[in-house]
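The block underneath contains the structure these notes are about, expressed in structure tokens.
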Amino acid sequence: MRSDEMKVDGNAIGGLMFELFGREMTGAPGVCGSCGAEDFLARLDVYVHAAGTVARCGHCGAVLMRVVEGRGKTWVDLSGFTTIELRTQ
């Protein structure tokens, strides 16, 4: 399977993001630490068939987020983001 065939958009990880953050996150804007582009998490390029979940910037392809689950633990790496905006209601 080619990598472009494994790619889905950020909506595919909406449930995972809700589980991690306790809120709907696909409409949250994030800023890429590599190119500075701001976009909604729903527009990320997501790969879920890797060793965990990897989300890349839809503009430059930089890795923004990694989530790995195993042995009763979850590791979350958000180091590719400069910011993620969480709006209060």
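The chains in the structure tokens are called A, B, ... from first to last as shown; in each chain the residues are counted from 1, and the ligands are counted from 1 in the order shown.
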- request: Would you mind listing what lies within 6 Å of stretch 79-87 of chain A as a PyMOL selection string, with only C-alpha atoms counted and same-chain residues fewer than 5 positions away left out?
  value: chain A and resi 28-33+63-64
Just to be explicit: take each residue in the selection above, keep N, CA and C atoms, and write the result as a CSV table (one decimal), in the first residue's frame.
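For reference, part31.csv as written:
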```
chain,number,residue,atom,x,y,z
A,28,ALA,N,-10.5,22.8,16.2
A,28,ALA,CA,-9.5,23.6,16.8
A,28,ALA,C,-8.4,24.0,15.8
A,29,PRO,N,-8.0,25.2,15.8
A,29,PRO,CA,-6.9,25.6,14.9
A,29,PRO,C,-5.6,25.4,15.6
A,30,GLY,N,-4.6,24.9,14.8
A,30,GLY,CA,-3.3,24.7,15.3
A,30,GLY,C,-2.3,25.4,14.3
A,31,VAL,N,-1.1,25.7,14.9
A,31,VAL,CA,-0.1,26.4,14.1
A,31,VAL,C,1.1,25.5,13.9
A,32,CYS,N,1.5,25.2,12.7
A,32,CYS,CA,2.7,24.4,12.4
A,32,CYS,C,4.0,25.1,12.9
A,33,GLY,N,4.8,24.3,13.6
A,33,GLY,CA,6.0,24.9,14.1
A,33,GLY,C,7.1,24.9,13.0
A,63,VAL,N,5.8,16.7,10.6
A,63,VAL,CA,5.1,15.9,11.6
A,63,VAL,C,4.7,16.8,12.8
A,64,LEU,N,3.4,16.9,13.1
A,64,LEU,CA,2.9,17.8,14.1
A,64,LEU,C,2.6,17.0,15.4
```
List the neighbours of A:Val8 out to 10 Å using only C-alpha atoms; skip same-chain residues closer than 3 positions along the sequence, and give me the result as a count of residues only. 13
Check: So which bits of chain A end up strand (DSSP E) when you DSSP the backbone, as JSON, numbers by chain?
Finding: {"A": [7, 8, 9, 29, 30, 31, 32, 38, 39, 40, 45, 46, 47, 48, 49, 50, 52, 53, 54, 55, 56, 63, 64, 65, 66, 67, 68, 69, 70, 73, 74, 75, 76, 77, 81, 82, 83, 84]}
Could you turn the residues from that selection into a file that holds C-alpha atoms, as a compact mmCIF listing (two decimals), in the first residue's frame?
```
# COMPACT_ATOMS: atom_id res chain seq x y z
CA LYS A 7 -3.57 9.02 4.40
CA VAL A 8 -6.86 10.24 5.88
CA ASP A 9 -7.88 13.67 7.13
CA PRO A 29 -6.91 25.62 14.90
CA GLY A 30 -3.27 24.69 15.27
CA VAL A 31 -0.08 26.39 14.08
CA CYS A 32 2.67 24.36 12.42
CA GLU A 38 -2.57 27.79 10.74
CA ASP A 39 -5.30 25.29 9.99
CA PHE A 40 -7.96 23.20 11.70
CA ASP A 45 -2.86 14.62 6.95
CA VAL A 46 -3.20 11.62 9.26
CA TYR A 47 -1.60 8.20 9.01
CA VAL A 48 -3.14 5.58 11.31
CA HIS A 49 -1.50 2.48 9.84
CA ALA A 50 1.93 3.28 11.25
CA GLY A 52 0.65 4.58 16.26
CA THR A 53 -1.01 7.64 14.79
CA VAL A 54 0.97 10.34 12.99
CA ALA A 55 -0.49 13.71 11.94
CA ARG A 56 1.33 15.91 9.43
CA VAL A 63 5.12 15.90 11.63
CA LEU A 64 2.91 17.77 14.10
CA MET A 65 1.62 15.02 16.37
CA ARG A 66 2.33 11.41 17.27
CA VAL A 67 0.15 9.19 19.46
CA VAL A 68 1.24 5.70 20.46
CA GLU A 69 -0.81 3.38 22.66
CA GLY A 70 0.37 0.18 24.26
CA LYS A 73 -0.19 3.67 28.42
CA THR A 74 -0.57 6.43 25.84
CA TRP A 75 2.30 8.59 24.64
CA VAL A 76 1.39 11.93 23.04
CA ASP A 77 3.93 14.10 21.22
CA PHE A 81 2.77 22.43 16.86
CA THR A 82 3.60 25.95 17.93
CA THR A 83 0.09 26.24 19.41
CA ILE A 84 -3.32 24.57 19.43
```
| request: Tell me which protein, DNA and RNA residues are within 12 Å of A:Arg23, counting only C-alpha atoms, leaving out same-chain ones fewer than 6 positions away, and put them as a list in words. | output: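 After dropping sequence-adjacent residues, the list is Gly14, Gly15, Leu16, Met17, Leu86, Arg87, Thr88 and Gln89 of chain A.
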For the selection you just gave me, I'd like the residues written to a file as a PDB file, in the first residue's frame, keeping C-alpha atoms.
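Writing done, so here's part_11.pdb:
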```
ATOM      1  CA  GLY A  14     -11.789  12.974  16.190  1.00  0.00           C
ATOM      2  CA  GLY A  15     -12.637  10.167  18.628  1.00  0.00           C
ATOM      3  CA  LEU A  16      -9.016   9.750  19.693  1.00  0.00           C
ATOM      4  CA  MET A  17      -8.653  13.497  20.280  1.00  0.00           C
ATOM      5  CA  LEU A  86      -8.819  25.469  22.605  1.00  0.00           C
ATOM      6  CA  ARG A  87     -11.882  27.668  22.678  1.00  0.00           C
ATOM      7  CA  THR A  88     -14.065  27.913  25.751  1.00  0.00           C
ATOM      8  CA  GLN A  89     -17.799  27.792  25.282  1.00  0.00           C
TER       9      GLN A  89
END
```
The distance between atom CA of A:Gly58 and atom CA of A:Gly36 is 11.6 Å
